[in-house]
file final_18.pdb (PDB, C-alpha atoms, pLDDT in the B column)
ATOM      1  CA  MET A   1     152.922  74.878 184.581  1.00 47.00           C
ATOM      2  CA  PRO A   2     155.746  75.163 182.012  1.00 57.00           C
ATOM      3  CA  ILE A   3     156.209  78.916 182.587  1.00 55.00           C
ATOM      4  CA  LYS A   4     156.641  78.478 186.326  1.00 60.00           C
ATOM      5  CA  ASN A   5     159.081  75.611 185.829  1.00 77.00           C
ATOM      6  CA  ARG A   6     161.205  77.593 183.381  1.00 79.00           C
ATOM      7  CA  PHE A   7     161.391  80.618 185.645  1.00 80.00           C
ATOM      8  CA  ALA A   8     162.310  78.351 188.554  1.00 84.00           C
ATOM      9  CA  GLU A   9     165.227  77.094 186.450  1.00 88.00           C
ATOM     10  CA  MET A  10     166.256  80.683 185.707  1.00 92.00           C
ATOM     11  CA  LEU A  11     166.015  81.840 189.324  1.00 92.00           C
ATOM     12  CA  PRO A  12     169.684  81.212 190.255  1.00 94.00           C
ATOM     13  CA  ASP A  13     170.828  83.316 187.292  1.00 95.00           C
ATOM     14  CA  ILE A  14     168.355  86.108 188.016  1.00 96.00           C
ATOM     15  CA  THR A  15     169.437  86.103 191.674  1.00 96.00           C
ATOM     16  CA  ALA A  16     173.103  86.271 190.678  1.00 97.00           C
ATOM     17  CA  TRP A  17     172.445  89.234 188.353  1.00 97.00           C
ATOM     18  CA  ARG A  18     170.586  91.080 191.079  1.00 97.00           C
ATOM     19  CA  GLN A  19     173.316  90.512 193.646  1.00 97.00           C
ATOM     20  CA  ASP A  20     175.989  91.615 191.179  1.00 97.00           C
ATOM     21  CA  PHE A  21     174.115  94.858 190.458  1.00 97.00           C
ATOM     22  CA  HIS A  22     173.610  95.349 194.194  1.00 97.00           C
ATOM     23  CA  ALA A  23     177.320  94.994 194.864  1.00 97.00           C
ATOM     24  CA  HIS A  24     178.181  97.529 192.149  1.00 97.00           C
ATOM     25  CA  PRO A  25     175.642 100.377 192.446  1.00 97.00           C
ATOM     26  CA  GLU A  26     175.797 103.385 190.140  1.00 97.00           C
ATOM     27  CA  LEU A  27     174.015 106.734 190.361  1.00 96.00           C
ATOM     28  CA  MET A  28     171.821 108.717 188.002  1.00 95.00           C
ATOM     29  CA  PHE A  29     173.086 108.591 184.402  1.00 96.00           C
ATOM     30  CA  ASP A  30     176.472 107.191 185.450  1.00 94.00           C
ATOM     31  CA  VAL A  31     175.384 103.562 185.027  1.00 97.00           C
ATOM     32  CA  GLN A  32     177.892 102.462 182.412  1.00 97.00           C
ATOM     33  CA  ARG A  33     178.770  99.171 184.110  1.00 97.00           C
ATOM     34  CA  THR A  34     175.140  98.235 184.713  1.00 97.00           C
ATOM     35  CA  ALA A  35     174.022  99.212 181.230  1.00 97.00           C
ATOM     36  CA  GLY A  36     176.991  97.402 179.699  1.00 97.00           C
ATOM     37  CA  LYS A  37     176.156  94.172 181.494  1.00 97.00           C
ATOM     38  CA  VAL A  38     172.480  94.496 180.528  1.00 97.00           C
ATOM     39  CA  ALA A  39     173.407  94.898 176.867  1.00 98.00           C
ATOM     40  CA  GLU A  40     175.907  92.025 176.991  1.00 97.00           C
ATOM     41  CA  LEU A  41     173.385  89.650 178.560  1.00 97.00           C
ATOM     42  CA  CYS A  42     170.577  90.585 176.174  1.00 97.00           C
ATOM     43  CA  ARG A  43     172.837  89.928 173.198  1.00 97.00           C
ATOM     44  CA  SER A  44     173.697  86.532 174.669  1.00 97.00           C
ATOM     45  CA  PHE A  45     169.952  85.788 174.955  1.00 96.00           C
ATOM     46  CA  GLY A  46     169.620  86.198 171.177  1.00 96.00           C
ATOM     47  CA  CYS A  47     167.430  89.305 171.280  1.00 97.00           C
ATOM     48  CA  ASP A  48     166.781  90.829 167.867  1.00 96.00           C
ATOM     49  CA  GLU A  49     168.167  94.282 168.589  1.00 97.00           C
ATOM     50  CA  VAL A  50     170.124  95.814 171.463  1.00 97.00           C
ATOM     51  CA  VAL A  51     170.588  99.588 171.353  1.00 97.00           C
ATOM     52  CA  GLU A  52     172.764 101.381 173.896  1.00 97.00           C
ATOM     53  CA  GLY A  53     173.115 105.071 174.724  1.00 96.00           C
ATOM     54  CA  ILE A  54     169.481 106.135 174.521  1.00 96.00           C
ATOM     55  CA  GLY A  55     168.816 108.826 177.104  1.00 95.00           C
ATOM     56  CA  ARG A  56     172.604 108.970 177.603  1.00 95.00           C
ATOM     57  CA  THR A  57     173.039 105.512 179.157  1.00 96.00           C
ATOM     58  CA  GLY A  58     169.707 103.783 178.631  1.00 97.00           C
ATOM     59  CA  VAL A  59     169.407 100.425 176.860  1.00 97.00           C
ATOM     60  CA  VAL A  60     166.533  99.368 174.595  1.00 98.00           C
ATOM     61  CA  VAL A  61     166.109  95.709 173.619  1.00 98.00           C
ATOM     62  CA  VAL A  62     163.780  94.470 170.867  1.00 97.00           C
ATOM     63  CA  ILE A  63     162.318  90.933 170.872  1.00 97.00           C
ATOM     64  CA  LYS A  64     159.959  89.866 168.102  1.00 95.00           C
ATOM     65  CA  GLY A  65     157.259  87.273 168.690  1.00 94.00           C
ATOM     66  CA  ARG A  66     156.564  84.333 166.401  1.00 89.00           C
ATOM     67  CA  ASN A  67     153.638  86.209 164.910  1.00 82.00           C
ATOM     68  CA  SER A  68     154.048  89.931 164.351  1.00 72.00           C
ATOM     69  CA  ALA A  69     151.009  90.332 162.112  1.00 75.00           C
ATOM     70  CA  SER A  70     149.131  92.355 164.730  1.00 82.00           C
ATOM     71  CA  GLY A  71     151.745  95.089 164.729  1.00 89.00           C
ATOM     72  CA  ARG A  72     151.425  95.459 168.501  1.00 94.00           C
ATOM     73  CA  VAL A  73     154.531  96.821 170.217  1.00 96.00           C
ATOM     74  CA  ILE A  74     154.588  96.712 174.021  1.00 96.00           C
ATOM     75  CA  GLY A  75     157.289  98.263 176.186  1.00 97.00           C
ATOM     76  CA  LEU A  76     158.465  96.691 179.453  1.00 97.00           C
ATOM     77  CA  ARG A  77     160.460  99.097 181.616  1.00 97.00           C
ATOM     78  CA  ALA A  78     162.912  98.800 184.511  1.00 97.00           C
ATOM     79  CA  ASP A  79     165.236 101.337 186.154  1.00 96.00           C
ATOM     80  CA  MET A  80     168.942 100.784 186.782  1.00 97.00           C
ATOM     81  CA  ASP A  81     170.259 103.520 189.104  1.00 96.00           C
ATOM     82  CA  ALA A  82     170.966 103.373 192.838  1.00 96.00           C
ATOM     83  CA  LEU A  83     170.879 105.950 195.652  1.00 95.00           C
ATOM     84  CA  PRO A  84     173.587 107.998 197.439  1.00 94.00           C
ATOM     85  CA  ILE A  85     173.247 106.000 200.674  1.00 94.00           C
ATOM     86  CA  ILE A  86     175.832 104.210 202.837  1.00 94.00           C
ATOM     87  CA  GLU A  87     174.946 100.531 203.083  1.00 93.00           C
ATOM     88  CA  GLN A  88     175.138  98.886 206.495  1.00 93.00           C
ATOM     89  CA  THR A  89     173.349  95.604 205.830  1.00 92.00           C
ATOM     90  CA  GLY A  90     176.345  93.320 206.261  1.00 92.00           C
ATOM     91  CA  LEU A  91     175.204  91.219 203.303  1.00 94.00           C
ATOM     92  CA  ALA A  92     177.738  89.120 201.452  1.00 94.00           C
ATOM     93  CA  TYR A  93     176.863  91.055 198.298  1.00 95.00           C
ATOM     94  CA  ALA A  94     176.662  94.502 199.953  1.00 96.00           C
ATOM     95  CA  SER A  95     177.732  97.581 198.043  1.00 95.00           C
ATOM     96  CA  GLN A  96     181.432  97.722 197.279  1.00 95.00           C
ATOM     97  CA  THR A  97     181.237 101.454 196.610  1.00 94.00           C
ATOM     98  CA  HIS A  98     181.047 103.613 199.724  1.00 94.00           C
ATOM     99  CA  GLY A  99     178.183 106.082 199.631  1.00 94.00           C
ATOM    100  CA  LYS A 100     176.181 104.249 196.970  1.00 95.00           C
ATOM    101  CA  MET A 101     173.522 101.609 197.540  1.00 95.00           C
ATOM    102  CA  HIS A 102     170.620  99.912 195.796  1.00 96.00           C
ATOM    103  CA  ALA A 103     168.212 100.849 198.581  1.00 93.00           C
ATOM    104  CA  CYS A 104     165.133 101.200 196.365  1.00 92.00           C
ATOM    105  CA  GLY A 105     165.257  97.854 194.579  1.00 93.00           C
ATOM    106  CA  HIS A 106     166.306  98.893 191.094  1.00 95.00           C
ATOM    107  CA  ASP A 107     168.834  96.061 191.099  1.00 95.00           C
ATOM    108  CA  GLY A 108     165.866  93.714 191.422  1.00 95.00           C
ATOM    109  CA  HIS A 109     163.884  95.520 188.731  1.00 97.00           C
ATOM    110  CA  THR A 110     166.769  95.238 186.272  1.00 97.00           C
ATOM    111  CA  ALA A 111     167.305  91.557 187.066  1.00 97.00           C
ATOM    112  CA  MET A 112     163.596  90.784 186.665  1.00 95.00           C
ATOM    113  CA  LEU A 113     163.422  92.460 183.269  1.00 97.00           C
ATOM    114  CA  LEU A 114     166.526  90.578 182.186  1.00 97.00           C
ATOM    115  CA  GLY A 115     164.758  87.360 183.182  1.00 96.00           C
ATOM    116  CA  ALA A 116     161.724  88.389 181.140  1.00 95.00           C
ATOM    117  CA  ALA A 117     163.911  89.260 178.149  1.00 97.00           C
ATOM    118  CA  ARG A 118     165.617  85.884 178.304  1.00 96.00           C
ATOM    119  CA  TYR A 119     162.329  84.002 178.526  1.00 94.00           C
ATOM    120  CA  LEU A 120     160.690  85.984 175.708  1.00 95.00           C
ATOM    121  CA  ALA A 121     163.734  85.545 173.459  1.00 95.00           C
ATOM    122  CA  GLU A 122     163.761  81.795 174.118  1.00 93.00           C
ATOM    123  CA  THR A 123     160.077  81.113 173.582  1.00 92.00           C
ATOM    124  CA  ARG A 124     158.855  83.835 171.174  1.00 92.00           C
ATOM    125  CA  ASN A 125     155.407  82.609 172.159  1.00 90.00           C
ATOM    126  CA  PHE A 126     153.621  85.931 171.784  1.00 91.00           C
ATOM    127  CA  ASP A 127     152.106  88.131 169.114  1.00 92.00           C
ATOM    128  CA  GLY A 128     153.790  91.386 168.130  1.00 94.00           C
ATOM    129  CA  THR A 129     156.997  92.851 169.516  1.00 96.00           C
ATOM    130  CA  ALA A 130     158.267  93.268 173.076  1.00 96.00           C
ATOM    131  CA  VAL A 131     160.613  96.178 173.777  1.00 98.00           C
ATOM    132  CA  CYS A 132     162.560  96.010 177.037  1.00 98.00           C
ATOM    133  CA  ILE A 133     163.492  99.478 178.314  1.00 98.00           C
ATOM    134  CA  PHE A 134     166.332  99.757 180.827  1.00 98.00           C
ATOM    135  CA  GLN A 135     166.214 103.324 182.131  1.00 97.00           C
ATOM    136  CA  PRO A 136     168.937 105.322 183.924  1.00 97.00           C
ATOM    137  CA  ALA A 137     168.404 108.188 186.363  1.00 94.00           C
ATOM    138  CA  GLU A 138     165.029 107.340 187.830  1.00 94.00           C
ATOM    139  CA  GLU A 139     166.069 108.797 191.171  1.00 91.00           C
ATOM    140  CA  GLY A 140     165.484 112.429 190.319  1.00 84.00           C
ATOM    141  CA  GLY A 141     167.385 112.637 187.044  1.00 87.00           C
ATOM    142  CA  GLY A 142     164.511 112.295 184.625  1.00 91.00           C
ATOM    143  CA  GLY A 143     166.060 109.425 182.691  1.00 95.00           C
ATOM    144  CA  GLY A 144     162.712 108.334 181.279  1.00 94.00           C
ATOM    145  CA  ARG A 145     162.073 111.847 180.003  1.00 95.00           C
ATOM    146  CA  GLU A 146     165.502 111.866 178.344  1.00 96.00           C
ATOM    147  CA  MET A 147     164.817 108.576 176.559  1.00 96.00           C
ATOM    148  CA  VAL A 148     161.431 109.764 175.309  1.00 96.00           C
ATOM    149  CA  ALA A 149     162.889 113.123 174.226  1.00 96.00           C
ATOM    150  CA  GLU A 150     165.393 111.261 172.053  1.00 95.00           C
ATOM    151  CA  GLY A 151     162.488 109.707 170.149  1.00 95.00           C
ATOM    152  CA  MET A 152     162.489 106.254 171.726  1.00 96.00           C
ATOM    153  CA  MET A 153     158.727 105.779 171.446  1.00 97.00           C
ATOM    154  CA  GLU A 154     158.639 106.695 167.758  1.00 96.00           C
ATOM    155  CA  ARG A 155     161.871 104.927 166.839  1.00 97.00           C
ATOM    156  CA  PHE A 156     160.665 101.570 168.135  1.00 97.00           C
ATOM    157  CA  GLY A 157     156.946 102.128 167.523  1.00 95.00           C
ATOM    158  CA  ILE A 158     156.082 101.547 171.180  1.00 97.00           C
ATOM    159  CA  GLN A 159     152.336 101.790 171.775  1.00 96.00           C
ATOM    160  CA  GLU A 160     152.109 101.079 175.513  1.00 93.00           C
ATOM    161  CA  VAL A 161     154.629 100.817 178.341  1.00 93.00           C
ATOM    162  CA  TYR A 162     154.328  98.682 181.476  1.00 91.00           C
ATOM    163  CA  GLY A 163     156.545  98.829 184.535  1.00 90.00           C
ATOM    164  CA  MET A 164     156.564  97.482 188.057  1.00 87.00           C
ATOM    165  CA  HIS A 165     158.093  98.332 191.417  1.00 89.00           C
ATOM    166  CA  ASN A 166     158.891  96.130 194.388  1.00 88.00           C
ATOM    167  CA  MET A 167     156.767  96.842 197.463  1.00 86.00           C
ATOM    168  CA  PRO A 168     157.933  95.408 200.797  1.00 84.00           C
ATOM    169  CA  GLY A 169     154.975  94.314 202.858  1.00 85.00           C
ATOM    170  CA  ILE A 170     152.931  92.778 200.070  1.00 87.00           C
ATOM    171  CA  PRO A 171     152.660  88.987 200.560  1.00 90.00           C
ATOM    172  CA  VAL A 172     154.898  86.813 198.387  1.00 85.00           C
ATOM    173  CA  GLY A 173     153.038  85.829 195.235  1.00 84.00           C
ATOM    174  CA  ALA A 174     150.706  88.840 195.340  1.00 88.00           C
ATOM    175  CA  PHE A 175     150.842  92.108 193.417  1.00 84.00           C
ATOM    176  CA  GLY A 176     148.883  95.336 193.154  1.00 84.00           C
ATOM    177  CA  ILE A 177     147.656  96.990 189.973  1.00 83.00           C
ATOM    178  CA  ARG A 178     145.430  99.914 189.071  1.00 79.00           C
ATOM    179  CA  ASP A 179     144.653 102.260 186.214  1.00 77.00           C
ATOM    180  CA  GLY A 180     146.443 105.596 186.500  1.00 75.00           C
ATOM    181  CA  ALA A 181     148.908 106.859 189.088  1.00 75.00           C
ATOM    182  CA  MET A 182     149.752 104.457 191.884  1.00 77.00           C
ATOM    183  CA  MET A 183     152.869 105.559 193.756  1.00 75.00           C
ATOM    184  CA  ALA A 184     154.141 108.898 195.050  1.00 74.00           C
ATOM    185  CA  ALA A 185     156.966 110.965 193.577  1.00 71.00           C
ATOM    186  CA  ALA A 186     159.429 113.396 195.101  1.00 70.00           C
ATOM    187  CA  ASP A 187     159.625 117.051 194.134  1.00 72.00           C
ATOM    188  CA  THR A 188     161.274 120.265 195.303  1.00 74.00           C
ATOM    189  CA  VAL A 189     159.323 123.342 196.396  1.00 77.00           C
ATOM    190  CA  ASP A 190     160.771 126.733 197.353  1.00 80.00           C
ATOM    191  CA  ILE A 191     158.735 128.821 199.809  1.00 80.00           C
ATOM    192  CA  LEU A 192     159.880 132.438 200.165  1.00 83.00           C
ATOM    193  CA  ILE A 193     158.433 134.445 203.054  1.00 84.00           C
ATOM    194  CA  THR A 194     159.103 138.192 202.963  1.00 85.00           C
ATOM    195  CA  GLY A 195     158.948 140.161 206.195  1.00 85.00           C
ATOM    196  CA  LYS A 196     159.768 143.617 207.560  1.00 85.00           C
ATOM    197  CA  GLY A 197     162.512 144.049 210.100  1.00 82.00           C
ATOM    198  CA  GLY A 198     161.905 145.587 213.492  1.00 82.00           C
ATOM    199  CA  HIS A 199     162.306 145.217 217.247  1.00 83.00           C
ATOM    200  CA  ALA A 200     160.708 142.450 219.257  1.00 78.00           C
ATOM    201  CA  ALA A 201     159.409 145.076 221.687  1.00 85.00           C
ATOM    202  CA  LYS A 202     157.422 146.703 218.879  1.00 85.00           C
ATOM    203  CA  PRO A 203     155.835 143.851 216.945  1.00 84.00           C
ATOM    204  CA  GLN A 204     153.199 146.236 215.610  1.00 86.00           C
ATOM    205  CA  ASP A 205     155.887 148.029 213.593  1.00 86.00           C
ATOM    206  CA  CYS A 206     157.344 144.955 211.869  1.00 87.00           C
ATOM    207  CA  VAL A 207     156.275 141.866 209.966  1.00 86.00           C
ATOM    208  CA  ASP A 208     157.949 138.887 211.606  1.00 82.00           C
ATOM    209  CA  PRO A 209     158.481 136.124 208.998  1.00 81.00           C
ATOM    210  CA  VAL A 210     159.002 133.591 211.784  1.00 80.00           C
ATOM    211  CA  VAL A 211     155.385 134.000 212.845  1.00 79.00           C
ATOM    212  CA  SER A 212     154.243 133.312 209.282  1.00 78.00           C
ATOM    213  CA  TYR A 213     156.667 130.426 208.852  1.00 77.00           C
ATOM    214  CA  SER A 214     155.757 128.570 212.049  1.00 79.00           C
ATOM    215  CA  PRO A 215     152.259 127.354 211.027  1.00 81.00           C
ATOM    216  CA  ILE A 216     153.556 126.450 207.581  1.00 77.00           C
ATOM    217  CA  PHE A 217     156.294 124.365 209.165  1.00 74.00           C
ATOM    218  CA  GLY A 218     153.762 122.610 211.376  1.00 72.00           C
ATOM    219  CA  GLN A 219     151.550 121.737 208.433  1.00 71.00           C
ATOM    220  CA  ILE A 220     154.163 120.456 206.008  1.00 67.00           C
ATOM    221  CA  SER A 221     156.918 119.000 208.192  1.00 58.00           C
ATOM    222  CA  GLY A 222     155.236 115.593 208.249  1.00 56.00           C
ATOM    223  CA  VAL A 223     154.971 115.515 204.461  1.00 53.00           C
ATOM    224  CA  PHE A 224     158.029 117.336 203.158  1.00 55.00           C
ATOM    225  CA  LYS A 225     161.716 117.001 203.883  1.00 55.00           C
ATOM    226  CA  LEU A 226     162.702 120.544 204.878  1.00 52.00           C
ATOM    227  CA  LEU A 227     166.063 121.784 203.690  1.00 55.00           C
ATOM    228  CA  PRO A 228     167.728 124.911 205.098  1.00 54.00           C
ATOM    229  CA  ALA A 229     167.916 127.886 202.796  1.00 52.00           C
ATOM    230  CA  PRO A 230     171.345 129.171 201.744  1.00 53.00           C
ATOM    231  CA  ALA A 231     172.921 131.653 204.152  1.00 47.00           C
ATOM    232  CA  ASP A 232     172.578 134.504 201.681  1.00 48.00           C
ATOM    233  CA  ARG A 233     168.806 134.101 201.762  1.00 46.00           C
ATOM    234  CA  PHE A 234     168.714 135.298 205.384  1.00 42.00           C
ATOM    235  CA  GLN A 235     169.099 139.061 205.383  1.00 43.00           C
ATOM    236  CA  CYS A 236     168.546 141.664 208.064  1.00 40.00           C
ATOM    237  CA  CYS A 237     168.708 145.426 208.046  1.00 38.00           C
TER     238      CYS A 237
END

call {"tool": "encode", "arguments": {"input": "final_18.pdb", "output": "structure tokens"}}
result
Amino acid sequence: MPIKNRFAEMLPDITAWRQDFHAHPELMFDVQRTAGKVAELCRSFGCDEVVEGIGRTGVVVVIKGRNSASGRVIGLRADMDALPIIEQTGLAYASQTHGKMHACGHDGHTAMLLGAARYLAETRNFDGTAVCIFQPAEEGGGGGREMVAEGMMERFGIQEVYGMHNMPGIPVGAFGIRDGAMMAAADTVDILITGKGGHAAKPQDCVDPVVSYSPIFGQISGVFKLLPAPADRFQCC
């Protein structure tokens, strides 16, 4: 099939982009190098519009199809940021920045969307407009929220947005899809247990918070990552 053949031809470039991003990971909104390279490449592809700085460091790329009569505008989204992790893979293209690593695959997501942008800009064989969204700060920073808050959806007339995420363990050539939520997200929860001080020999005269905390710990420790409370939260009288 022509599409498969063209993507096979592009594979060395897409691989090189991914390995370059992997070697130079950036965190949260501080993705200036990554975003700059994304913008530079998309301009070289001949995309119709390349807008930088949306959601602080996000990049939005507009590609118009041969026939735009339908007025359909579809967004394709990838994330660009890495994680604060020390890489120990020993790869030739391992992170060159200590304490930062593309351990979640966003380097691959960015490279894949660049490949899609290049192919769409070359062929224009679609109806409507494709908008490629390169988002910063997916790892807890709310980069997507920032881009939407700046009016991205309205500015580019985006009607639907599609994204994808790598999933180790799925056979090569297969993918999963469903309507609605599909993958888990991280969040932070504070649990404050208030007790009454006393002596261990007179448990009837006190309210021991440790007794209340123990079953909670047993229930949630397998689901949540427990972080110690600040020292000033532990008080005794």

call {"tool": "axis_aligned_box", "arguments": {"input": "final_18.pdb", "around": "segment 132-144 of chain A", "padding_each_side": "8 Å", "output": "JSON"}}
result
{"center_x": 165.7, "center_y": 104.3, "center_z": 184.1, "size_x": 22.4, "size_y": 32.6, "size_z": 30.1}

call {"tool": "atom_distance", "arguments": {"input": "final_18.pdb", "atom1": "atom CA of Leu27 of chain A", "atom2": "atom CA of Gly99 of chain A"}}
result
10.2 Å

call {"tool": "atom_distance", "arguments": {"input": "final_18.pdb", "atom1": "atom CA of Ile216 of chain A", "atom2": "atom CA of Thr194 of chain A"}}
result
13.8 Å

call {"tool": "residues_around", "arguments": {"input": "final_18.pdb", "residues": "Ser95 of chain A", "least_positions_apart": "6", "cutoff": "7 Å", "atoms": "only C-alpha atoms", "output": "PyMOL selection string"}}
result
chain A and resi 22-25+87+101

call {"tool": "closest_residue", "arguments": {"input": "final_18.pdb", "among": "A:Ile63, A:Ala130, A:Leu113, A:Phe29", "to": "Glu160 of chain A", "atoms": "all atoms listed in the file"}}
result
A:Ala130

call {"tool": "atom_distance", "arguments": {"input": "final_18.pdb", "atom1": "atom CA of Tyr162 of chain A", "atom2": "atom CA of Ile74 of chain A"}}
result
7.7 Å

call {"tool": "resolve_selection", "arguments": {"input": "final_18.pdb", "expression": "the PyMOL selection byres ((chain A and resi 207) around 7)", "output": "VMD selection string"}}
result
chain A and resid 195 to 197 206 208 to 209

call {"tool": "closest_residue", "arguments": {"input": "final_18.pdb", "among": "A:Arg118, A:His106, A:Lys202, A:Lys100", "to": "Arg77 of chain A", "atoms": "all atoms listed in the file"}}
result
A:His106

call {"tool": "resolve_selection", "arguments": {"input": "final_18.pdb", "expression": "the PyMOL selection byres ((chain A and resi 5-16) around 12)", "output": "ChimeraX atom specification"}}
result
/A:1-4,17-23,38,41,93,107-120,122-123

call {"tool": "write_last_selection", "arguments": {"input": "final_18.pdb", "atoms": "C-alpha atoms", "output": "CSV table (one decimal), in the coordinates of the input"}}
result
chain,number,residue,atom,x,y,z
A,1,MET,CA,152.9,74.9,184.6
A,2,PRO,CA,155.7,75.2,182.0
A,3,ILE,CA,156.2,78.9,182.6
A,4,LYS,CA,156.6,78.5,186.3
A,17,TRP,CA,172.4,89.2,188.4
A,18,ARG,CA,170.6,91.1,191.1
A,19,GLN,CA,173.3,90.5,193.6
A,20,ASP,CA,176.0,91.6,191.2
A,21,PHE,CA,174.1,94.9,190.5
A,22,HIS,CA,173.6,95.3,194.2
A,23,ALA,CA,177.3,95.0,194.9
A,38,VAL,CA,172.5,94.5,180.5
A,41,LEU,CA,173.4,89.6,178.6
A,93,TYR,CA,176.9,91.1,198.3
A,107,ASP,CA,168.8,96.1,191.1
A,108,GLY,CA,165.9,93.7,191.4
A,109,HIS,CA,163.9,95.5,188.7
A,110,THR,CA,166.8,95.2,186.3
A,111,ALA,CA,167.3,91.6,187.1
A,112,MET,CA,163.6,90.8,186.7
A,113,LEU,CA,163.4,92.5,183.3
A,114,LEU,CA,166.5,90.6,182.2
A,115,GLY,CA,164.8,87.4,183.2
A,116,ALA,CA,161.7,88.4,181.1
A,117,ALA,CA,163.9,89.3,178.1
A,118,ARG,CA,165.6,85.9,178.3
A,119,TYR,CA,162.3,84.0,178.5
A,120,LEU,CA,160.7,86.0,175.7
A,122,GLU,CA,163.8,81.8,174.1
A,123,THR,CA,160.1,81.1,173.6

call {"tool": "resolve_selection", "arguments": {"input": "final_18.pdb", "expression": "the PyMOL selection byres ((chain A and resi 131) around 7)", "output": "MDAnalysis selection string"}}
result
chainID A and resid 60:63 74:76 129:130 132:133

call {"tool": "closest_residue", "arguments": {"input": "final_18.pdb", "among": "A:Val161, A:Leu192, A:Ala94, A:Ala185", "to": "Gly142 of chain A", "atoms": "all atoms listed in the file"}}
result
A:Ala185

call {"tool": "closest_residue", "arguments": {"input": "final_18.pdb", "among": "A:Arg155, A:Arg66, A:Arg145, A:Arg124", "to": "Phe45 of chain A", "atoms": "all atoms listed in the file"}}
result
A:Arg124

call {"tool": "closest_residue", "arguments": {"input": "final_18.pdb", "among": "A:Met182, A:Ala137, A:Met80, A:Val73", "to": "Ala35 of chain A", "atoms": "only C-alpha atoms"}}
result
A:Met80

call {"tool": "closest_residue", "arguments": {"input": "final_18.pdb", "among": "A:Gln159, A:Ser214, A:Ser44, A:Ser68", "to": "Ala121 of chain A", "atoms": "only C-alpha atoms"}}
result
A:Ser44
